[in-house]
file start-v6.pdb (PDB, C-alpha atoms, pLDDT in the B column)
ATOM      1  CA  MET A  25      57.904  25.085-286.013  1.00 50.00           C
ATOM      2  CA  ILE A  26      61.262  26.559-284.946  1.00 49.00           C
ATOM      3  CA  ALA A  27      59.894  27.303-281.476  1.00 47.00           C
ATOM      4  CA  SER A  28      58.631  23.737-281.205  1.00 51.00           C
ATOM      5  CA  ASN A  29      62.058  22.343-282.150  1.00 49.00           C
ATOM      6  CA  GLU A  30      63.701  24.587-279.552  1.00 49.00           C
ATOM      7  CA  VAL A  31      61.340  23.302-276.858  1.00 45.00           C
ATOM      8  CA  ILE A  32      62.097  19.693-277.831  1.00 51.00           C
ATOM      9  CA  SER A  33      65.848  20.408-277.783  1.00 47.00           C
ATOM     10  CA  GLU A  34      65.635  22.019-274.349  1.00 49.00           C
ATOM     11  CA  SER A  35      63.636  19.045-273.062  1.00 52.00           C
ATOM     12  CA  LEU A  36      66.235  16.603-274.366  1.00 44.00           C
ATOM     13  CA  VAL A  37      69.072  18.620-272.805  1.00 46.00           C
ATOM     14  CA  GLU A  38      67.222  18.764-269.476  1.00 50.00           C
ATOM     15  CA  LYS A  39      66.528  15.031-269.631  1.00 55.00           C
ATOM     16  CA  ASN A  40      70.194  14.287-270.350  1.00 55.00           C
ATOM     17  CA  ASP A  41      71.242  16.544-267.470  1.00 56.00           C
ATOM     18  CA  ASN A  42      68.875  14.690-265.156  1.00 81.00           C
ATOM     19  CA  VAL A  43      70.321  11.338-266.255  1.00 83.00           C
ATOM     20  CA  VAL A  44      73.877  12.551-265.568  1.00 85.00           C
ATOM     21  CA  LEU A  45      72.952  13.968-262.155  1.00 88.00           C
ATOM     22  CA  LYS A  46      71.084  10.814-261.201  1.00 91.00           C
ATOM     23  CA  SER A  47      74.048   8.694-262.291  1.00 90.00           C
ATOM     24  CA  PHE A  48      76.414  10.737-260.095  1.00 92.00           C
ATOM     25  CA  ALA A  49      73.933  10.618-257.216  1.00 92.00           C
ATOM     26  CA  HIS A  50      73.704   6.813-257.453  1.00 93.00           C
ATOM     27  CA  LEU A  51      77.500   6.561-257.758  1.00 94.00           C
ATOM     28  CA  PHE A  52      78.097   8.534-254.554  1.00 94.00           C
ATOM     29  CA  SER A  53      75.334   6.595-252.799  1.00 94.00           C
ATOM     30  CA  VAL A  54      77.140   3.348-253.615  1.00 94.00           C
ATOM     31  CA  LEU A  55      80.734   4.508-253.028  1.00 95.00           C
ATOM     32  CA  PHE A  56      79.866   5.951-249.637  1.00 96.00           C
ATOM     33  CA  HIS A  57      77.300   3.415-248.533  1.00 95.00           C
ATOM     34  CA  PRO A  58      77.490   2.990-244.737  1.00 95.00           C
ATOM     35  CA  LEU A  59      78.785  -0.576-245.125  1.00 95.00           C
ATOM     36  CA  PHE A  60      81.891   0.704-246.932  1.00 97.00           C
ATOM     37  CA  ILE A  61      82.734   3.505-244.506  1.00 97.00           C
ATOM     38  CA  PRO A  62      84.281   1.308-241.746  1.00 97.00           C
ATOM     39  CA  ILE A  63      86.716  -0.072-244.334  1.00 97.00           C
ATOM     40  CA  TYR A  64      87.720   3.457-245.357  1.00 97.00           C
ATOM     41  CA  ILE A  65      88.252   4.466-241.742  1.00 97.00           C
ATOM     42  CA  VAL A  66      90.330   1.451-240.695  1.00 96.00           C
ATOM     43  CA  TYR A  67      92.390   1.806-243.881  1.00 96.00           C
ATOM     44  CA  PHE A  68      93.028   5.449-242.999  1.00 96.00           C
ATOM     45  CA  LEU A  69      94.053   4.510-239.458  1.00 95.00           C
ATOM     46  CA  ALA A  70      96.324   1.701-240.641  1.00 94.00           C
ATOM     47  CA  TYR A  71      98.031   3.348-243.597  1.00 94.00           C
ATOM     48  CA  THR A  72      97.691   7.138-243.206  1.00 92.00           C
ATOM     49  CA  HIS A  73      97.560   7.924-239.497  1.00 92.00           C
ATOM     50  CA  PRO A  74     101.160   8.153-238.228  1.00 88.00           C
ATOM     51  CA  ALA A  75     100.600   6.614-234.790  1.00 87.00           C
ATOM     52  CA  ALA A  76      97.377   4.574-234.661  1.00 90.00           C
ATOM     53  CA  PHE A  77      98.950   1.311-235.835  1.00 93.00           C
ATOM     54  CA  VAL A  78     102.528   1.999-234.809  1.00 88.00           C
ATOM     55  CA  GLY A  79     104.381  -1.270-234.240  1.00 88.00           C
ATOM     56  CA  PHE A  80     102.048  -3.243-236.509  1.00 93.00           C
ATOM     57  CA  SER A  81     103.653  -5.125-239.375  1.00 92.00           C
ATOM     58  CA  GLU A  82     102.177  -4.790-242.853  1.00 93.00           C
ATOM     59  CA  PRO A  83     100.558  -8.266-242.672  1.00 94.00           C
ATOM     60  CA  ASN A  84      98.949  -7.376-239.325  1.00 94.00           C
ATOM     61  CA  LYS A  85      97.632  -4.091-240.713  1.00 95.00           C
ATOM     62  CA  LEU A  86      96.129  -5.951-243.655  1.00 95.00           C
ATOM     63  CA  ARG A  87      94.711  -8.572-241.299  1.00 95.00           C
ATOM     64  CA  THR A  88      92.939  -5.840-239.317  1.00 96.00           C
ATOM     65  CA  VAL A  89      91.442  -4.368-242.485  1.00 96.00           C
ATOM     66  CA  VAL A  90      90.229  -7.842-243.482  1.00 96.00           C
ATOM     67  CA  ILE A  91      88.673  -8.416-240.023  1.00 95.00           C
ATOM     68  CA  VAL A  92      86.775  -5.140-240.317  1.00 96.00           C
ATOM     69  CA  ALA A  93      85.727  -5.902-243.896  1.00 96.00           C
ATOM     70  CA  LEU A  94      84.408  -9.331-242.899  1.00 96.00           C
ATOM     71  CA  ASN A  95      82.557  -8.314-239.746  1.00 95.00           C
ATOM     72  CA  LEU A  96      81.329  -4.852-240.680  1.00 96.00           C
ATOM     73  CA  PHE A  97      80.749  -5.280-244.412  1.00 96.00           C
ATOM     74  CA  PHE A  98      80.566  -8.880-245.590  1.00 96.00           C
ATOM     75  CA  PHE A  99      78.471 -10.440-242.811  1.00 96.00           C
ATOM     76  CA  PRO A 100      75.887  -7.599-242.714  1.00 95.00           C
ATOM     77  CA  LEU A 101      75.647  -7.752-246.513  1.00 95.00           C
ATOM     78  CA  VAL A 102      75.137 -11.528-246.477  1.00 95.00           C
ATOM     79  CA  SER A 103      72.477 -11.084-243.787  1.00 94.00           C
ATOM     80  CA  VAL A 104      70.529  -8.693-246.019  1.00 94.00           C
ATOM     81  CA  LEU A 105      70.878 -11.035-249.008  1.00 94.00           C
ATOM     82  CA  LEU A 106      69.587 -13.964-246.940  1.00 95.00           C
ATOM     83  CA  LEU A 107      66.681 -11.890-245.618  1.00 93.00           C
ATOM     84  CA  LYS A 108      65.726 -11.039-249.198  1.00 92.00           C
ATOM     85  CA  ALA A 109      66.092 -14.656-250.299  1.00 93.00           C
ATOM     86  CA  VAL A 110      63.693 -15.939-247.630  1.00 92.00           C
ATOM     87  CA  GLY A 111      61.241 -13.091-248.156  1.00 89.00           C
ATOM     88  CA  PHE A 112      61.651 -11.213-244.872  1.00 89.00           C
ATOM     89  CA  ILE A 113      62.400  -7.968-246.740  1.00 91.00           C
ATOM     90  CA  ASP A 114      60.948  -6.650-249.990  1.00 89.00           C
ATOM     91  CA  SER A 115      64.020  -4.884-251.376  1.00 88.00           C
ATOM     92  CA  LEU A 116      67.789  -5.074-251.003  1.00 86.00           C
ATOM     93  CA  LEU A 117      67.750  -1.269-250.946  1.00 86.00           C
ATOM     94  CA  LEU A 118      65.770  -1.356-247.663  1.00 90.00           C
ATOM     95  CA  LYS A 119      63.373   1.297-248.893  1.00 88.00           C
ATOM     96  CA  THR A 120      60.872   0.968-246.052  1.00 91.00           C
ATOM     97  CA  GLN A 121      61.117   1.184-242.273  1.00 92.00           C
ATOM     98  CA  LYS A 122      59.797  -2.376-242.021  1.00 92.00           C
ATOM     99  CA  ASP A 123      62.613  -3.700-244.227  1.00 93.00           C
ATOM    100  CA  ARG A 124      65.226  -2.065-241.982  1.00 95.00           C
ATOM    101  CA  ILE A 125      64.262  -3.591-238.643  1.00 94.00           C
ATOM    102  CA  ILE A 126      66.058  -6.955-238.876  1.00 93.00           C
ATOM    103  CA  PRO A 127      69.129  -5.554-240.720  1.00 94.00           C
ATOM    104  CA  TYR A 128      69.581  -2.987-237.928  1.00 96.00           C
ATOM    105  CA  ILE A 129      69.443  -5.770-235.337  1.00 95.00           C
ATOM    106  CA  ALA A 130      71.854  -7.959-237.324  1.00 95.00           C
ATOM    107  CA  CYS A 131      74.305  -5.098-237.805  1.00 95.00           C
ATOM    108  CA  GLY A 132      74.136  -4.278-234.106  1.00 95.00           C
ATOM    109  CA  ILE A 133      75.105  -7.860-233.277  1.00 96.00           C
ATOM    110  CA  PHE A 134      78.059  -7.834-235.682  1.00 96.00           C
ATOM    111  CA  PHE A 135      79.181  -4.407-234.481  1.00 97.00           C
ATOM    112  CA  PHE A 136      79.086  -5.404-230.818  1.00 97.00           C
ATOM    113  CA  TRP A 137      80.926  -8.665-231.527  1.00 96.00           C
ATOM    114  CA  THR A 138      83.677  -6.820-233.402  1.00 96.00           C
ATOM    115  CA  TYR A 139      83.946  -4.239-230.636  1.00 97.00           C
ATOM    116  CA  THR A 140      84.341  -7.044-228.078  1.00 96.00           C
ATOM    117  CA  VAL A 141      87.082  -8.700-230.149  1.00 93.00           C
ATOM    118  CA  PHE A 142      89.076  -5.467-230.451  1.00 95.00           C
ATOM    119  CA  LYS A 143      88.515  -4.499-226.808  1.00 94.00           C
ATOM    120  CA  GLU A 144      89.804  -7.835-225.523  1.00 93.00           C
ATOM    121  CA  GLN A 145      92.981  -7.530-227.599  1.00 91.00           C
ATOM    122  CA  SER A 146      94.863  -4.521-226.275  1.00 88.00           C
ATOM    123  CA  GLN A 147      97.249  -4.296-229.215  1.00 91.00           C
ATOM    124  CA  TYR A 148      94.537  -2.672-231.314  1.00 94.00           C
ATOM    125  CA  PRO A 149      94.421   1.130-231.150  1.00 93.00           C
ATOM    126  CA  SER A 150      91.777   2.694-228.943  1.00 93.00           C
ATOM    127  CA  ALA A 151      90.601   4.829-231.884  1.00 93.00           C
ATOM    128  CA  LEU A 152      89.468   1.670-233.696  1.00 95.00           C
ATOM    129  CA  THR A 153      87.777   0.164-230.636  1.00 96.00           C
ATOM    130  CA  GLN A 154      85.972   3.427-229.899  1.00 96.00           C
ATOM    131  CA  TYR A 155      84.823   3.758-233.494  1.00 97.00           C
ATOM    132  CA  VAL A 156      83.328   0.262-233.595  1.00 97.00           C
ATOM    133  CA  PHE A 157      81.562   0.812-230.272  1.00 97.00           C
ATOM    134  CA  GLY A 158      80.199   4.054-231.723  1.00 97.00           C
ATOM    135  CA  LEU A 159      78.879   2.023-234.657  1.00 97.00           C
ATOM    136  CA  PHE A 160      77.039  -0.249-232.243  1.00 97.00           C
ATOM    137  CA  LEU A 161      75.535   2.763-230.472  1.00 97.00           C
ATOM    138  CA  SER A 162      74.496   4.378-233.755  1.00 97.00           C
ATOM    139  CA  SER A 163      72.849   1.174-235.048  1.00 96.00           C
ATOM    140  CA  SER A 164      70.937   0.896-231.757  1.00 96.00           C
ATOM    141  CA  ALA A 165      69.840   4.539-231.977  1.00 97.00           C
ATOM    142  CA  ALA A 166      68.849   4.046-235.618  1.00 97.00           C
ATOM    143  CA  LEU A 167      66.736   1.011-234.693  1.00 96.00           C
ATOM    144  CA  LEU A 168      64.828   3.127-232.179  1.00 96.00           C
ATOM    145  CA  ALA A 169      64.488   6.078-234.567  1.00 96.00           C
ATOM    146  CA  ASN A 170      63.246   3.713-237.280  1.00 96.00           C
ATOM    147  CA  ILE A 171      60.066   3.211-235.253  1.00 94.00           C
ATOM    148  CA  TYR A 172      59.069   6.794-235.991  1.00 95.00           C
ATOM    149  CA  PHE A 173      60.724   7.746-239.302  1.00 95.00           C
ATOM    150  CA  LYS A 174      63.110   6.445-241.977  1.00 95.00           C
ATOM    151  CA  ILE A 175      66.363   7.865-240.695  1.00 96.00           C
ATOM    152  CA  SER A 176      69.159   8.007-243.286  1.00 96.00           C
ATOM    153  CA  MET A 177      71.691   5.208-242.899  1.00 96.00           C
ATOM    154  CA  HIS A 178      74.046   7.068-245.237  1.00 96.00           C
ATOM    155  CA  ALA A 179      73.896  10.121-242.985  1.00 97.00           C
ATOM    156  CA  ILE A 180      74.551   8.028-239.877  1.00 97.00           C
ATOM    157  CA  GLY A 181      77.593   6.412-241.482  1.00 97.00           C
ATOM    158  CA  LEU A 182      78.965   9.713-242.708  1.00 97.00           C
ATOM    159  CA  GLY A 183      78.245  11.353-239.354  1.00 97.00           C
ATOM    160  CA  GLY A 184      80.277   8.604-237.691  1.00 97.00           C
ATOM    161  CA  TRP A 185      83.127   9.253-240.109  1.00 97.00           C
ATOM    162  CA  LEU A 186      83.002  12.958-239.277  1.00 97.00           C
ATOM    163  CA  GLY A 187      82.831  12.185-235.570  1.00 96.00           C
ATOM    164  CA  VAL A 188      85.971  10.029-235.683  1.00 96.00           C
ATOM    165  CA  PHE A 189      87.928  12.693-237.562  1.00 95.00           C
ATOM    166  CA  ILE A 190      86.709  15.475-235.262  1.00 94.00           C
ATOM    167  CA  ILE A 191      87.922  13.454-232.265  1.00 94.00           C
ATOM    168  CA  MET A 192      91.296  12.914-233.934  1.00 93.00           C
ATOM    169  CA  ALA A 193      91.573  16.644-234.601  1.00 91.00           C
ATOM    170  CA  TYR A 194      90.626  17.377-230.975  1.00 90.00           C
ATOM    171  CA  ASN A 195      93.339  14.988-229.745  1.00 88.00           C
ATOM    172  CA  ASN A 196      95.949  16.503-232.078  1.00 79.00           C
ATOM    173  CA  SER A 197      96.992  12.976-233.005  1.00 73.00           C
ATOM    174  CA  MET A 198      97.771  14.175-236.544  1.00 81.00           C
ATOM    175  CA  MET A 199      97.159  17.166-238.796  1.00 86.00           C
ATOM    176  CA  MET A 200      93.521  16.609-239.711  1.00 89.00           C
ATOM    177  CA  THR A 201      92.886  19.631-241.939  1.00 90.00           C
ATOM    178  CA  TRP A 202      92.811  17.843-245.278  1.00 93.00           C
ATOM    179  CA  PRO A 203      91.098  14.635-244.031  1.00 93.00           C
ATOM    180  CA  LEU A 204      88.333  16.647-242.346  1.00 94.00           C
ATOM    181  CA  CYS A 205      87.838  18.846-245.401  1.00 95.00           C
ATOM    182  CA  LEU A 206      87.694  15.776-247.652  1.00 96.00           C
ATOM    183  CA  VAL A 207      85.132  14.006-245.468  1.00 96.00           C
ATOM    184  CA  LEU A 208      83.044  17.176-245.184  1.00 96.00           C
ATOM    185  CA  LEU A 209      83.017  17.399-248.986  1.00 97.00           C
ATOM    186  CA  ILE A 210      82.111  13.705-249.338  1.00 97.00           C
ATOM    187  CA  THR A 211      79.370  14.097-246.740  1.00 97.00           C
ATOM    188  CA  GLY A 212      77.898  17.150-248.427  1.00 95.00           C
ATOM    189  CA  VAL A 213      77.837  15.550-251.877  1.00 96.00           C
ATOM    190  CA  THR A 214      76.505  12.207-250.645  1.00 96.00           C
ATOM    191  CA  VAL A 215      73.655  13.541-248.502  1.00 96.00           C
ATOM    192  CA  SER A 216      72.763  15.946-251.322  1.00 95.00           C
ATOM    193  CA  SER A 217      72.623  12.906-253.599  1.00 95.00           C
ATOM    194  CA  ARG A 218      70.235  11.173-251.221  1.00 95.00           C
ATOM    195  CA  LEU A 219      68.004  14.236-251.208  1.00 94.00           C
ATOM    196  CA  TYR A 220      68.201  14.553-255.009  1.00 93.00           C
ATOM    197  CA  LEU A 221      67.144  10.917-255.410  1.00 92.00           C
ATOM    198  CA  LYS A 222      64.243  11.611-253.020  1.00 90.00           C
ATOM    199  CA  SER A 223      65.357   8.726-250.825  1.00 89.00           C
ATOM    200  CA  HIS A 224      65.061  10.919-247.724  1.00 91.00           C
ATOM    201  CA  ASN A 225      63.864  14.284-246.538  1.00 94.00           C
ATOM    202  CA  PRO A 226      66.099  16.854-244.771  1.00 94.00           C
ATOM    203  CA  PHE A 227      64.969  15.758-241.300  1.00 96.00           C
ATOM    204  CA  ASP A 228      66.087  12.155-242.014  1.00 96.00           C
ATOM    205  CA  ILE A 229      69.481  13.470-243.132  1.00 96.00           C
ATOM    206  CA  TYR A 230      70.125  15.951-240.314  1.00 96.00           C
ATOM    207  CA  THR A 231      69.024  13.488-237.643  1.00 97.00           C
ATOM    208  CA  GLY A 232      71.274  10.795-239.119  1.00 97.00           C
ATOM    209  CA  LEU A 233      74.297  13.106-239.151  1.00 97.00           C
ATOM    210  CA  PHE A 234      73.602  14.183-235.575  1.00 97.00           C
ATOM    211  CA  ILE A 235      73.323  10.591-234.317  1.00 97.00           C
ATOM    212  CA  GLY A 236      76.444   9.535-236.229  1.00 97.00           C
ATOM    213  CA  VAL A 237      78.572  12.296-234.701  1.00 97.00           C
ATOM    214  CA  LEU A 238      77.038  12.073-231.232  1.00 97.00           C
ATOM    215  CA  THR A 239      77.495   8.311-230.843  1.00 97.00           C
ATOM    216  CA  GLN A 240      81.176   8.597-231.739  1.00 97.00           C
ATOM    217  CA  ILE A 241      81.659  11.309-229.126  1.00 96.00           C
ATOM    218  CA  VAL A 242      79.847   9.171-226.535  1.00 97.00           C
ATOM    219  CA  ALA A 243      81.992   6.149-227.452  1.00 97.00           C
ATOM    220  CA  TYR A 244      85.155   8.255-227.139  1.00 95.00           C
ATOM    221  CA  HIS A 245      84.249   9.270-223.589  1.00 92.00           C
ATOM    222  CA  PHE A 246      83.129   5.843-222.381  1.00 89.00           C
ATOM    223  CA  VAL A 247      85.566   3.390-224.017  1.00 79.00           C
TER     224      VAL A 247
END
call {"tool": "encode", "arguments": {"input": "start-v6.pdb", "output": "structure tokens"}}
result
Amino acid sequence: MIASNEVISESLVEKNDNVVLKSFAHLFSVLFHPLFIPIYIVYFLAYTHPAAFVGFSEPNKLRTVVIVALNLFFFPLVSVLLLKAVGFIDSLLLKTQKDRIIPYIACGIFFFWTYTVFKEQSQYPSALTQYVFGLFLSSSAALLANIYFKISMHAIGLGGWLGVFIIMAYNNSMMMTWPLCLVLLITGVTVSSRLYLKSHNPFDIYTGLFIGVLTQIVAYHFV
């Protein structure tokens, strides 16, 4: 009887641990969803980087953050909601490769439009223009990869974040030790969360990180 109670207690503890871990995994998956990452990056450039937005007034910095939030977060999100409403996708979580096809195309359009806007207005820092072009390249690469496997969108977004910070460190535009370490930690925890939730396998994750970093490096050299 005592042994049976101990087994039940251990099962309850394990179940509670699983609930806590799953909650943290979902939390990190939401906080560092690829749609949020461009907002984090432009906010960092505008309010933390010492030179990226030099000469910009506070209202103009805020305006830039709002432009990025609208074009790289709000419009893609609305597109997915509309696709779900009309029945073109089965889940807002885009669990299947089929569900991801049109959202990838829509995001690519918004990314390229935003890149064009920033490129045609020379007052915006090149780091921002390059990053957005890298987003367009990564969404295009993800669309192609999606034909063969369900590449991780989280990993692509985080890889892009890493790529931008690696480029900044390479350019010595600011001391990037703590930002790089922070993003590496966020990346590690988030992709581990995706694996823990069984949303992806390791190949999906590693390929996504590689594409995210690579497309930012390509954008840096060609923009």
call {"tool": "closest_residue", "arguments": {"input": "start-v6.pdb", "among": "A:Leu238, A:Met192, A:Leu206, A:Ala109", "to": "Leu152 (chain A)", "atoms": "only C-alpha atoms"}}
result
A:Met192
call {"tool": "resolve_selection", "arguments": {"input": "start-v6.pdb", "expression": "the PyMOL selection byres ((chain A and resi 166-176) around 9)", "output": "PyMOL selection string"}}
result
chain A and resi 119-122+124-125+128-129+161-165+177-181+215+218+223-225+227-233+235
call {"tool": "atom_distance", "arguments": {"input": "start-v6.pdb", "atom1": "CA of Thr153 (chain A)", "atom2": "CA of Phe246 (chain A)"}}
result
11.0 Å
call {"tool": "resolve_selection", "arguments": {"input": "start-v6.pdb", "expression": "the PyMOL selection byres ((chain A and resi 188) around 12)", "output": "PyMOL selection string"}}
result
chain A and resi 61-62+64-66+68-69+150-159+181-187+189-195+197+200+203-204+207+236-244
call {"tool": "atom_distance", "arguments": {"input": "start-v6.pdb", "atom1": "CA of Leu208 (chain A)", "atom2": "CA of Lys46 (chain A)"}}
result
21.0 Å
call {"tool": "atom_distance", "arguments": {"input": "start-v6.pdb", "atom1": "CA of Ala70 (chain A)", "atom2": "CA of Lys85 (chain A)"}}
result
5.9 Å
call {"tool": "closest_residue", "arguments": {"input": "start-v6.pdb", "among": "A:Val44, A:Phe52, A:Met199, A:His245", "to": "Gly212 (chain A)", "atoms": "all atoms listed in the file"}}
result
A:Phe52
call {"tool": "resolve_selection", "arguments": {"input": "start-v6.pdb", "expression": "the PyMOL selection byres ((chain A and resi 104) around 9)", "output": "list in words"}}
result
Phe99, Pro100, Leu101, Val102, Ser103, Leu105, Leu106, Leu107, Lys108, Ala109, Ile113, Leu116, Leu118, Ile126, Pro127 and Ala130 of chain A
call {"tool": "closest_residue", "arguments": {"input": "start-v6.pdb", "among": "A:Ala49, A:Val110, A:Leu209, A:Ile91", "to": "Trp137 (chain A)", "atoms": "all atoms listed in the file"}}
result
A:Ile91
call {"tool": "residues_around", "arguments": {"input": "start-v6.pdb", "residues": "Pro83 (chain A)", "least_positions_apart": "5", "cutoff": "12 Å", "atoms": "all atoms listed in the file", "output": "list in words"}}
result
Ala70, Tyr71, Phe77, Thr88, Val89 and Val90 of chain A
call {"tool": "closest_residue", "arguments": {"input": "start-v6.pdb", "among": "A:Ile133, A:Ala76, A:Leu55, A:Ile210", "to": "Met198 (chain A)", "atoms": "all atoms listed in the file"}}
result
A:Ala76
call {"tool": "decode", "arguments": {"input": "start-v6.pdb", "residues": "region 100-166 of chain A", "atoms": "C-alpha atoms", "output": "PDB file, in the first residue's frame"}}
result
ATOM      1  CA  PRO A 100       1.264  39.126 -41.640  1.00  0.00           C
ATOM      2  CA  LEU A 101      -0.819  38.280 -38.565  1.00  0.00           C
ATOM      3  CA  VAL A 102      -3.999  39.644 -40.161  1.00  0.00           C
ATOM      4  CA  SER A 103      -3.204  37.652 -43.309  1.00  0.00           C
ATOM      5  CA  VAL A 104      -3.046  34.421 -41.300  1.00  0.00           C
ATOM      6  CA  LEU A 105      -6.286  35.274 -39.479  1.00  0.00           C
ATOM      7  CA  LEU A 106      -8.043  35.946 -42.793  1.00  0.00           C
ATOM      8  CA  LEU A 107      -6.701  32.711 -44.284  1.00  0.00           C
ATOM      9  CA  LYS A 108      -8.111  30.812 -41.307  1.00  0.00           C
ATOM     10  CA  ALA A 109     -11.432  32.640 -41.543  1.00  0.00           C
ATOM     11  CA  VAL A 110     -11.944  31.690 -45.198  1.00  0.00           C
ATOM     12  CA  GLY A 111     -10.744  28.129 -44.665  1.00  0.00           C
ATOM     13  CA  PHE A 112      -7.476  28.205 -46.613  1.00  0.00           C
ATOM     14  CA  ILE A 113      -5.549  26.955 -43.562  1.00  0.00           C
ATOM     15  CA  ASP A 114      -6.588  24.470 -40.889  1.00  0.00           C
ATOM     16  CA  SER A 115      -4.827  26.010 -37.887  1.00  0.00           C
ATOM     17  CA  LEU A 116      -3.531  29.410 -36.818  1.00  0.00           C
ATOM     18  CA  LEU A 117      -0.466  27.577 -35.503  1.00  0.00           C
ATOM     19  CA  LEU A 118       0.425  26.534 -39.083  1.00  0.00           C
ATOM     20  CA  LYS A 119       1.139  22.981 -38.004  1.00  0.00           C
ATOM     21  CA  THR A 120       1.443  21.522 -41.498  1.00  0.00           C
ATOM     22  CA  GLN A 121       3.568  22.339 -44.531  1.00  0.00           C
ATOM     23  CA  LYS A 122       0.396  22.944 -46.544  1.00  0.00           C
ATOM     24  CA  ASP A 123      -0.812  25.581 -44.066  1.00  0.00           C
ATOM     25  CA  ARG A 124       2.486  27.470 -44.370  1.00  0.00           C
ATOM     26  CA  ILE A 125       2.592  27.993 -48.127  1.00  0.00           C
ATOM     27  CA  ILE A 126       0.383  31.093 -48.456  1.00  0.00           C
ATOM     28  CA  PRO A 127       1.623  32.721 -45.199  1.00  0.00           C
ATOM     29  CA  TYR A 128       5.215  32.412 -46.463  1.00  0.00           C
ATOM     30  CA  ILE A 129       4.219  34.103 -49.723  1.00  0.00           C
ATOM     31  CA  ALA A 130       2.290  36.844 -47.900  1.00  0.00           C
ATOM     32  CA  CYS A 131       5.168  37.499 -45.510  1.00  0.00           C
ATOM     33  CA  GLY A 132       7.599  37.658 -48.416  1.00  0.00           C
ATOM     34  CA  ILE A 133       5.463  40.350 -50.044  1.00  0.00           C
ATOM     35  CA  PHE A 134       5.285  42.425 -46.854  1.00  0.00           C
ATOM     36  CA  PHE A 135       9.002  41.985 -46.198  1.00  0.00           C
ATOM     37  CA  PHE A 136       9.985  43.065 -49.703  1.00  0.00           C
ATOM     38  CA  TRP A 137       7.637  46.064 -49.573  1.00  0.00           C
ATOM     39  CA  THR A 138       9.110  47.199 -46.253  1.00  0.00           C
ATOM     40  CA  TYR A 139      12.639  46.722 -47.560  1.00  0.00           C
ATOM     41  CA  THR A 140      11.789  48.876 -50.594  1.00  0.00           C
ATOM     42  CA  VAL A 141      10.356  51.630 -48.381  1.00  0.00           C
ATOM     43  CA  PHE A 142      13.466  51.749 -46.184  1.00  0.00           C
ATOM     44  CA  LYS A 143      15.858  51.491 -49.139  1.00  0.00           C
ATOM     45  CA  GLU A 144      14.252  54.426 -50.942  1.00  0.00           C
ATOM     46  CA  GLN A 145      14.534  56.622 -47.843  1.00  0.00           C
ATOM     47  CA  SER A 146      18.233  57.057 -47.150  1.00  0.00           C
ATOM     48  CA  GLN A 147      17.759  58.449 -43.654  1.00  0.00           C
ATOM     49  CA  TYR A 148      17.112  54.951 -42.331  1.00  0.00           C
ATOM     50  CA  PRO A 149      20.202  53.074 -41.137  1.00  0.00           C
ATOM     51  CA  SER A 150      21.661  50.473 -43.463  1.00  0.00           C
ATOM     52  CA  ALA A 151      21.522  47.895 -40.648  1.00  0.00           C
ATOM     53  CA  LEU A 152      17.713  48.083 -40.692  1.00  0.00           C
ATOM     54  CA  THR A 153      17.453  47.920 -44.486  1.00  0.00           C
ATOM     55  CA  GLN A 154      19.828  44.955 -44.626  1.00  0.00           C
ATOM     56  CA  TYR A 155      17.929  43.136 -41.899  1.00  0.00           C
ATOM     57  CA  VAL A 156      14.574  43.495 -43.657  1.00  0.00           C
ATOM     58  CA  PHE A 157      16.068  42.340 -46.959  1.00  0.00           C
ATOM     59  CA  GLY A 158      17.492  39.354 -45.079  1.00  0.00           C
ATOM     60  CA  LEU A 159      13.968  38.635 -43.835  1.00  0.00           C
ATOM     61  CA  PHE A 160      12.724  38.587 -47.417  1.00  0.00           C
ATOM     62  CA  LEU A 161      15.511  36.194 -48.407  1.00  0.00           C
ATOM     63  CA  SER A 162      14.832  33.917 -45.438  1.00  0.00           C
ATOM     64  CA  SER A 163      11.071  33.782 -46.138  1.00  0.00           C
ATOM     65  CA  SER A 164      11.836  32.889 -49.768  1.00  0.00           C
ATOM     66  CA  ALA A 165      14.280  30.172 -48.685  1.00  0.00           C
ATOM     67  CA  ALA A 166      11.750  28.872 -46.157  1.00  0.00           C
TER      68      ALA A 166
END
